[in-house]
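Novice: Have a peek at structure-v4.txt (compact mmCIF, C-alpha atoms).
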# COMPACT_ATOMS: atom_id res chain seq x y z
CA MET A 234 70.63 46.85 -14.11
CA ASP A 235 69.03 43.81 -15.54
CA GLU A 236 67.40 45.42 -18.56
CA GLN A 237 64.78 42.97 -19.72
CA GLN A 238 64.10 43.30 -23.41
CA HIS A 239 60.47 42.72 -24.24
CA THR A 240 59.70 39.90 -26.57
CA ILE A 241 56.80 40.52 -28.89
CA VAL A 242 54.76 37.36 -29.32
CA SER A 243 53.24 37.28 -32.78
CA TYR A 244 49.48 37.06 -33.38
CA GLY A 245 50.12 33.79 -35.21
CA THR A 246 51.80 32.14 -32.21
CA LEU A 247 48.99 33.26 -29.90
CA THR A 248 46.32 32.02 -32.31
CA ALA A 249 48.09 28.66 -32.60
CA ALA A 250 48.12 28.37 -28.78
CA TRP A 251 44.39 29.19 -28.74
CA ILE A 252 43.64 26.52 -31.35
CA ALA A 253 45.64 23.97 -29.34
CA LEU A 254 43.64 24.93 -26.23
CA LEU A 255 40.32 24.51 -28.07
CA PHE A 256 41.46 21.14 -29.40
CA LEU A 257 42.43 19.99 -25.88
CA THR A 258 39.05 21.21 -24.56
CA ALA A 259 37.24 19.13 -27.19
CA LEU A 260 39.45 16.16 -26.33
CA THR A 261 38.78 16.40 -22.59
CA VAL A 262 35.01 16.68 -23.15
CA GLY A 263 35.21 13.70 -25.53
CA ILE A 264 37.12 11.34 -23.27
CA THR A 265 35.04 12.16 -20.20
CA ARG A 266 31.83 11.25 -22.08
CA LEU A 267 33.23 7.69 -22.35
CA ASP A 268 33.04 5.18 -19.53
CA LEU A 269 36.65 4.99 -18.40
CA GLY A 270 36.22 4.57 -14.64
CA GLY A 271 39.15 5.92 -12.66
CA TYR A 272 41.11 6.83 -15.77
CA LYS A 273 38.60 9.59 -16.42
CA VAL A 274 39.98 11.77 -13.59
CA LEU A 275 43.55 10.98 -14.57
CA GLY A 276 42.93 11.77 -18.25
CA ALA A 277 40.99 14.98 -17.55
CA LEU A 278 43.63 16.27 -15.11
CA THR A 279 46.50 15.42 -17.45
CA ILE A 280 44.81 17.42 -20.21
CA ALA A 281 44.05 20.27 -17.77
CA CYS A 282 47.76 20.41 -16.83
CA LEU A 283 48.71 20.48 -20.53
CA LYS A 284 46.26 23.34 -21.12
CA GLY A 285 47.59 25.17 -18.07
CA GLY A 286 51.09 24.74 -19.46
CA VAL A 287 50.10 26.29 -22.80
CA VAL A 288 48.43 29.27 -21.05
CA ILE A 289 51.47 29.88 -18.81
CA ALA A 290 54.05 29.40 -21.58
CA PHE A 291 52.43 31.42 -24.39
CA PHE A 292 49.67 33.68 -23.06
CA MET A 293 51.55 34.53 -19.86
CA GLN A 294 54.83 34.53 -21.83
CA MET A 295 56.74 32.42 -19.31
CA ARG A 296 58.53 30.84 -22.27
CA TYR A 297 60.23 34.16 -22.92
CA GLU A 298 61.03 35.08 -19.31
CA GLY A 299 64.37 34.85 -17.57
CA ARG A 300 65.58 32.36 -15.03
CA LEU A 301 64.30 34.11 -11.90
CA LEU A 302 60.61 33.98 -12.81
CA ARG A 303 60.88 30.42 -14.07
CA TRP A 304 62.45 29.27 -10.83
CA LEU A 305 59.87 31.10 -8.76
CA LEU A 306 57.08 29.42 -10.72
CA PHE A 307 58.77 26.09 -10.13
CA VAL A 308 59.02 26.75 -6.38
CA ALA A 309 55.34 27.78 -6.21
CA LEU A 310 54.24 24.63 -8.03
CA VAL A 311 56.44 22.39 -5.87
CA THR A 312 54.94 24.02 -2.76
CA LEU A 313 51.46 23.28 -4.05
CA ALA A 314 52.49 19.69 -4.87
CA ILE A 315 53.84 19.23 -1.33
CA PHE A 316 50.54 20.48 0.14
CA ILE A 317 48.57 18.10 -2.04
CA GLY A 318 50.95 15.18 -1.51
CA ILE A 319 51.05 15.43 2.28
CA THR A 320 47.27 15.90 2.54
CA PHE A 321 46.70 12.78 0.50
CA PHE A 322 49.23 10.85 2.51
CA ASP A 323 46.94 11.60 5.46
CA VAL A 324 43.57 11.14 3.74
CA LEU A 325 44.41 7.87 2.00
CA TYR A 326 46.19 6.06 4.83
CA ARG A 327 44.19 7.28 7.80
CA MET B 1270 62.14 66.73 -17.13
CA THR B 1271 64.38 67.46 -14.17
CA HIS B 1272 63.85 64.22 -12.26
CA PRO B 1273 64.47 60.94 -13.99
CA VAL B 1274 61.25 58.90 -13.81
CA HIS B 1275 61.73 55.81 -11.74
CA LYS B 1276 60.75 52.86 -13.86
CA ASP B 1277 61.25 49.20 -13.10
CA ASP B 1278 59.17 47.04 -15.41
CA PHE B 1279 60.81 43.84 -14.33
CA GLY B 1280 60.16 44.61 -10.67
CA ALA B 1281 56.51 45.33 -11.48
CA LYS B 1282 56.15 42.06 -13.29
CA LEU B 1283 57.95 40.14 -10.55
CA GLY B 1284 55.54 41.60 -8.00
CA MET B 1285 52.58 40.56 -10.13
CA TRP B 1286 53.86 37.00 -10.41
CA LEU B 1287 54.42 36.76 -6.66
CA PHE B 1288 50.81 37.85 -6.15
CA LEU B 1289 49.64 35.29 -8.70
CA PHE B 1290 51.46 32.54 -6.79
CA THR B 1291 49.42 33.37 -3.69
CA GLU B 1292 46.31 33.13 -5.86
CA LEU B 1293 47.43 29.71 -7.07
CA LEU B 1294 47.76 28.57 -3.48
CA LEU B 1295 44.30 29.98 -2.64
CA PHE B 1296 42.59 28.03 -5.42
CA GLY B 1297 44.93 25.08 -4.81
CA GLY B 1298 43.49 24.86 -1.30
CA LEU B 1299 39.94 24.78 -2.68
CA PHE B 1300 40.88 22.03 -5.14
CA LEU B 1301 42.52 20.11 -2.33
CA LEU B 1302 39.28 20.26 -0.30
CA TYR B 1303 37.42 19.03 -3.36
CA ALA B 1304 39.81 16.09 -3.80
CA ALA B 1305 39.70 15.07 -0.13
CA TYR B 1306 35.86 15.16 -0.06
CA LEU B 1307 35.59 13.39 -3.40
CA HIS B 1308 37.60 10.61 -1.81
CA ARG B 1309 35.23 10.56 1.18
CA TYR B 1310 31.90 10.85 -0.69
CA PRO B 1311 32.48 9.43 -4.19
CA ARG B 1312 28.85 8.35 -4.74
CA GLU B 1313 27.26 11.58 -3.50
CA PHE B 1314 29.70 13.68 -5.53
CA ALA B 1315 28.90 11.66 -8.67
CA ALA B 1316 25.15 12.15 -8.15
CA ALA B 1317 25.48 15.87 -7.37
CA GLY B 1318 27.89 16.48 -10.26
CA LYS B 1319 25.23 15.22 -12.71
CA GLU B 1320 23.17 18.31 -11.80
CA LEU B 1321 25.72 20.58 -13.47
CA ASP B 1322 25.33 21.23 -17.19
CA TRP B 1323 28.58 20.29 -18.95
CA MET B 1324 27.49 22.09 -22.11
CA LEU B 1325 27.27 25.42 -20.27
CA GLY B 1326 30.65 24.61 -18.69
CA THR B 1327 32.14 23.94 -22.14
CA ALA B 1328 30.66 27.18 -23.50
CA ASN B 1329 32.26 29.10 -20.65
CA THR B 1330 35.59 27.36 -21.24
CA VAL B 1331 35.61 28.42 -24.90
CA ILE B 1332 34.58 31.97 -23.91
CA LEU B 1333 37.39 32.29 -21.36
CA LEU B 1334 40.03 30.82 -23.69
CA THR B 1335 38.98 33.33 -26.34
CA SER B 1336 39.05 36.19 -23.83
CA SER B 1337 42.61 35.22 -22.89
CA LEU B 1338 43.61 35.18 -26.56
CA CYS B 1339 42.25 38.73 -26.94
CA ALA B 1340 44.08 39.90 -23.80
CA ALA B 1341 47.39 38.38 -24.98
CA MET B 1342 46.92 39.90 -28.45
CA SER B 1343 46.23 43.33 -26.95
CA VAL B 1344 49.71 43.23 -25.37
CA THR B 1345 51.22 42.42 -28.78
CA ALA B 1346 49.18 45.23 -30.38
CA VAL B 1347 50.42 47.82 -27.86
CA GLN B 1348 54.01 46.63 -28.27
CA ARG B 1349 53.64 47.18 -32.01
CA GLY B 1350 52.31 50.68 -31.40
CA ASP B 1351 48.78 49.82 -32.49
CA ASN B 1352 46.80 51.17 -29.53
CA ARG B 1353 43.59 51.24 -31.53
CA ARG B 1354 43.65 47.53 -32.16
CA ALA B 1355 44.66 46.92 -28.53
CA LEU B 1356 41.53 48.78 -27.44
CA GLY B 1357 39.33 46.63 -29.65
CA LEU B 1358 40.94 43.47 -28.33
CA LEU B 1359 40.50 44.59 -24.72
CA GLY B 1360 36.85 45.27 -25.57
CA GLY B 1361 36.64 41.68 -26.80
CA THR B 1362 38.07 40.39 -23.53
CA ILE B 1363 35.59 42.43 -21.48
CA LEU B 1364 32.71 41.28 -23.69
CA CYS B 1365 33.76 37.65 -23.09
CA ALA B 1366 33.94 38.33 -19.35
CA ALA B 1367 30.36 39.63 -19.46
CA GLY B 1368 29.26 36.57 -21.44
CA PHE B 1369 30.93 34.28 -18.92
CA LEU B 1370 29.18 35.98 -16.01
CA ALA B 1371 25.82 35.90 -17.84
CA ILE B 1372 26.12 32.12 -18.28
CA LYS B 1373 27.17 31.77 -14.65
CA TYR B 1374 24.09 33.78 -13.66
CA VAL B 1375 21.83 31.43 -15.62
CA GLU B 1376 23.54 28.39 -14.05
CA TRP B 1377 23.31 29.66 -10.48
CA GLY B 1378 19.74 30.84 -11.11
CA ALA B 1379 18.72 27.34 -12.24
CA LYS B 1380 20.36 25.81 -9.15
CA PHE B 1381 18.58 28.27 -6.86
CA GLY B 1382 15.31 27.47 -8.68
CA HIS B 1383 15.80 23.78 -7.86
CA GLY B 1384 16.30 24.65 -4.20
CA ILE B 1385 20.07 24.16 -4.37
CA TYR B 1386 21.89 26.91 -2.49
CA PRO B 1387 23.95 26.96 0.70
CA GLY B 1388 21.71 26.22 3.67
CA SER B 1389 18.64 25.34 1.54
CA GLU B 1390 15.96 22.89 2.80
CA ARG B 1391 16.83 20.39 0.10
CA LEU B 1392 20.53 20.29 0.89
CA ARG B 1393 19.98 20.16 4.64
CA GLY B 1394 17.61 17.23 4.20
CA GLY B 1395 19.79 15.42 1.65
CA ALA B 1396 22.94 13.33 1.88
CA PRO B 1397 25.86 15.10 3.64
CA GLY B 1398 28.15 14.56 0.64
CA GLU B 1399 25.71 16.40 -1.60
CA SER B 1400 25.70 19.57 0.51
CA VAL B 1401 29.51 19.44 0.73
CA PHE B 1402 29.70 19.23 -3.06
CA PHE B 1403 27.43 22.20 -3.60
CA SER B 1404 29.09 24.26 -0.86
CA LEU B 1405 32.43 23.72 -2.61
CA TYR B 1406 30.84 24.41 -5.99
CA PHE B 1407 29.37 27.76 -4.89
CA MET B 1408 32.52 28.71 -2.99
CA THR B 1409 34.94 27.88 -5.82
CA THR B 1410 32.90 29.26 -8.72
CA GLY B 1411 31.90 32.23 -6.55
CA ILE B 1412 35.48 33.23 -5.77
CA HIS B 1413 36.39 32.58 -9.39
CA GLY B 1414 33.45 34.71 -10.56
CA LEU B 1415 34.61 37.50 -8.28
CA HIS B 1416 38.02 37.28 -9.98
CA VAL B 1417 36.30 37.54 -13.38
CA LEU B 1418 34.51 40.67 -12.18
CA ILE B 1419 37.68 42.24 -10.77
CA GLY B 1420 39.74 41.25 -13.83
CA GLY B 1421 37.13 42.72 -16.19
CA GLY B 1422 37.06 45.96 -14.20
CA LEU B 1423 40.86 46.13 -14.12
CA LEU B 1424 41.13 45.64 -17.88
CA ALA B 1425 38.41 48.26 -18.48
CA TRP B 1426 40.41 50.77 -16.43
CA ILE B 1427 43.62 49.86 -18.27
CA ALA B 1428 41.74 50.29 -21.57
CA THR B 1429 41.00 53.93 -20.66
CA ARG B 1430 44.76 54.44 -20.14
CA VAL B 1431 45.55 52.77 -23.46
CA ARG B 1432 43.03 55.09 -25.09
CA ALA B 1433 44.63 58.12 -23.46
CA GLY B 1434 48.01 56.94 -24.73
CA ARG B 1435 49.39 56.61 -21.20
CA VAL B 1436 49.96 52.93 -21.82
CA ALA B 1437 51.98 52.63 -25.02
CA ALA B 1438 54.85 50.67 -26.54
CA GLY B 1439 57.79 50.57 -24.12
CA ASN B 1440 55.56 51.73 -21.27
CA HIS B 1441 53.02 48.95 -21.15
CA VAL B 1442 53.85 46.92 -18.06
CA LEU B 1443 50.45 47.87 -16.59
CA LEU B 1444 48.70 46.20 -19.50
CA GLU B 1445 51.01 43.18 -19.25
CA ASN B 1446 50.21 42.77 -15.56
CA GLY B 1447 46.47 43.21 -16.17
CA ALA B 1448 46.66 40.53 -18.86
CA LEU B 1449 48.62 38.24 -16.49
CA TYR B 1450 45.84 38.55 -13.92
CA TRP B 1451 43.29 37.74 -16.60
CA HIS B 1452 45.21 34.65 -17.73
CA LEU B 1453 45.25 33.43 -14.12
CA VAL B 1454 41.44 33.61 -14.12
CA ASP B 1455 41.51 31.48 -17.27
CA LEU B 1456 44.06 29.09 -15.76
CA VAL B 1457 41.94 28.46 -12.66
CA TRP B 1458 38.86 27.79 -14.80
CA ILE B 1459 40.85 25.22 -16.81
CA PHE B 1460 40.93 23.13 -13.61
CA ILE B 1461 37.42 23.95 -12.30
CA PHE B 1462 35.87 22.85 -15.60
CA PRO B 1463 36.92 19.17 -15.67
CA LEU B 1464 36.68 18.68 -11.89
CA TYR B 1465 33.14 19.97 -11.48
CA TYR B 1466 31.56 19.51 -14.89
CA LEU B 1467 33.24 16.52 -16.52
CA VAL B 1468 34.77 13.82 -14.34
CA LEU B 1469 31.82 13.06 -12.05
Would it be possible to restate this file's structure as structure tokens?
Specialist:
Amino acid sequence: MDEQQHTIVSYGTLTAAWIALLFLTALTVGITRLDLGGYKVLGALTIACLKGGVVIAFFMQMRYEGRLLRWLLFVALVTLAIFIGITFFDVLYR
Amino acid sequence: MTHPVHKDDFGAKLGMWLFLFTELLLFGGLFLLYAAYLHRYPREFAAAGKELDWMLGTANTVILLTSSLCAAMSVTAVQRGDNRRALGLLGGTILCAAGFLAIKYVEWGAKFGHGIYPGSERLRGGAPGESVFFSLYFMTTGIHGLHVLIGGGLLAWIATRVRAGRVAAGNHVLLENGALYWHLVDLVWIFIFPLYYLVL
């Protein structure tokens, strides 16, 4: 059967991901202390998505997974996006 | 051994991911409620959000990111046959989980002290948007906190199996799945943190 060989992610790679996450945390705290109006939410959420991406790719090892898991993740995220999109279509144009 | 041991690591991991997707949708629903009510009560949300301490939120973010690093490293350690180091790293993750919950306890305690809890006099008498904000805050951080508690317990149990050598290189999918659950807890917090503590 589909024998999945396990990738070993080095301590160095994981530490680099952690440093990137700390940097992005500092950045998001920094920009939200400024008076940016509506861009604050946009900026903070963009950074949160980037951080989420780093966690999923490196800590959760999605980067090293096969096609099936990647596609399933994609489908789950699209489902969530559809929920959010349709709700806002209702909330904003009611 | 007479019977070949049935082992399907990929199937185990696939099952874990499917479960995690349902978790994503659970928290996604809570974030969706937050967004819809933020749109309806922008001023009340901004005023209520100022009550949360962003420094404590930042501290908890750093703690959870570090705990995730330890959990991910423990998988690497086991894969390299270093169960001793994996145990230490899992201990680090559990310590971080305890620190996170301690900070959460202080935060919730301060809110309760100010008369802010679901159904309190102050919230019932205040603006409707304010009570919605705090209901969502307690609901979201409460369910997340429960996940921290469960994740910490799960990793502690897995640590006993690592110690006993029952989780070892080549037979470590249990640890991988436990770590995946823990990273999900971290992932959800990455979105709670800016939405509740920073943008308002």
Novice: Hey, which bits of chain A sit within 7 Å of chain B, and for each residue what's the closest pair of atoms and how far apart in Å (one decimal), counting all atoms listed in the file, rows by chain and increasing number, as JSON lines?
Specialist:
{"residue": "A:Gln237", "atom": "CA", "partner": "B:Phe1279", "partner_atom": "CA", "distance": 6.8}
{"residue": "A:Ile241", "atom": "CA", "partner": "B:Thr1345", "partner_atom": "CA", "distance": 5.9}
{"residue": "A:Val242", "atom": "CA", "partner": "B:Thr1345", "partner_atom": "CA", "distance": 6.2}
{"residue": "A:Ser243", "atom": "CA", "partner": "B:Thr1345", "partner_atom": "CA", "distance": 6.8}
{"residue": "A:Tyr244", "atom": "CA", "partner": "B:Met1342", "partner_atom": "CA", "distance": 6.2}
{"residue": "A:Leu247", "atom": "CA", "partner": "B:Leu1338", "partner_atom": "CA", "distance": 6.6}
{"residue": "A:Trp251", "atom": "CA", "partner": "B:Leu1338", "partner_atom": "CA", "distance": 6.4}
{"residue": "A:Leu255", "atom": "CA", "partner": "B:Val1331", "partner_atom": "CA", "distance": 6.9}
{"residue": "A:Val262", "atom": "CA", "partner": "B:Leu1467", "partner_atom": "CA", "distance": 6.9}
{"residue": "A:Thr265", "atom": "CA", "partner": "B:Leu1467", "partner_atom": "CA", "distance": 6.0}
{"residue": "A:Lys273", "atom": "CA", "partner": "B:Val1468", "partner_atom": "CA", "distance": 6.1}
{"residue": "A:Val274", "atom": "CA", "partner": "B:Val1468", "partner_atom": "CA", "distance": 5.6}
{"residue": "A:Ala277", "atom": "CA", "partner": "B:Pro1463", "partner_atom": "CA", "distance": 6.1}
{"residue": "A:Ala281", "atom": "CA", "partner": "B:Phe1460", "partner_atom": "CA", "distance": 5.9}
{"residue": "A:Gly285", "atom": "CA", "partner": "B:Leu1456", "partner_atom": "CA", "distance": 5.8}
{"residue": "A:Val288", "atom": "CA", "partner": "B:Leu1456", "partner_atom": "CA", "distance": 6.9}
{"residue": "A:Phe292", "atom": "CA", "partner": "B:Ala1341", "partner_atom": "CA", "distance": 5.6}
{"residue": "A:Met293", "atom": "CA", "partner": "B:Leu1449", "partner_atom": "CA", "distance": 5.8}
{"residue": "A:Ala309", "atom": "CA", "partner": "B:Phe1290", "partner_atom": "CA", "distance": 6.2}
{"residue": "A:Leu313", "atom": "CA", "partner": "B:Leu1294", "partner_atom": "CA", "distance": 6.5}
{"residue": "A:Ile317", "atom": "CA", "partner": "B:Leu1301", "partner_atom": "CA", "distance": 6.4}
{"residue": "A:Val324", "atom": "CA", "partner": "B:Ala1305", "partner_atom": "CA", "distance": 6.7}
Novice: Pull C-alpha atoms from the residues just selected and write them as a compact mmCIF listing (two decimals), in the coordinates of the input.
Specialist:
# COMPACT_ATOMS: atom_id res chain seq x y z
CA GLN A 237 64.78 42.97 -19.72
CA ILE A 241 56.80 40.52 -28.89
CA VAL A 242 54.76 37.36 -29.32
CA SER A 243 53.24 37.28 -32.78
CA TYR A 244 49.48 37.06 -33.38
CA LEU A 247 48.99 33.26 -29.90
CA TRP A 251 44.39 29.19 -28.74
CA LEU A 255 40.32 24.51 -28.07
CA VAL A 262 35.01 16.68 -23.15
CA THR A 265 35.04 12.16 -20.20
CA LYS A 273 38.60 9.59 -16.42
CA VAL A 274 39.98 11.77 -13.59
CA ALA A 277 40.99 14.98 -17.55
CA ALA A 281 44.05 20.27 -17.77
CA GLY A 285 47.59 25.17 -18.07
CA VAL A 288 48.43 29.27 -21.05
CA PHE A 292 49.67 33.68 -23.06
CA MET A 293 51.55 34.53 -19.86
CA ALA A 309 55.34 27.78 -6.21
CA LEU A 313 51.46 23.28 -4.05
CA ILE A 317 48.57 18.10 -2.04
CA VAL A 324 43.57 11.14 3.74
Novice: Grab the CA of Ala1366 in chain B to CA of Ser1336 in chain B distance for me, in Å with one decimal place.
Specialist: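 Computing the Euclidean distance for CA of Ala1366 in chain B and CA of Ser1336 in chain B yields 7.1 Å.
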Novice: What is the CA of Glu1292 in chain B-CA of Ile289 in chain A distance in Å, reported with one decimal?
Specialist: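 According to the coordinates, CA of Glu1292 in chain B and CA of Ile289 in chain A are separated by 14.3 Å.
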Novice: What's around range 1418-1428 of chain B at 7 Å? Count only C-alpha atoms, leave out sequence neighbours fewer than 3 positions away in its own chain, and write the answer as a list of chain:residue names.
Specialist: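 These residues fall inside the cut-off: B:Leu1356, B:Leu1359, B:Ile1363, B:Ala1366, B:Gly1414, B:Leu1415, B:Val1431, B:Arg1432, B:Leu1444, B:Gly1447, B:Tyr1450, B:Trp1451.
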Novice: Considering all atoms listed in the file, can you say which of A:Ile319, A:Leu325, A:Leu305, A:Leu257 comes closest to Gly286 in chain A?
Specialist: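 Of the candidates, the smallest distance to Gly286 in chain A is held by A:Leu257.
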Novice: Just checking: using all atoms listed in the file, which residue out of B:Gly1360, B:Pro1311, B:Gly1350, B:Gly1284 ends up closest to Ala1438 in chain B?
Specialist: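 Between B:Gly1360, B:Pro1311, B:Gly1350, B:Gly1284, the residue approaching Ala1438 in chain B most closely is B:Gly1350.
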Novice: At what distance in Å, to one decimal, does CA of Gly1318 in chain B lie from CA of Ile264 in chain A?
Specialist: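 CA of Gly1318 in chain B lies at a distance of 16.8 Å from CA of Ile264 in chain A.
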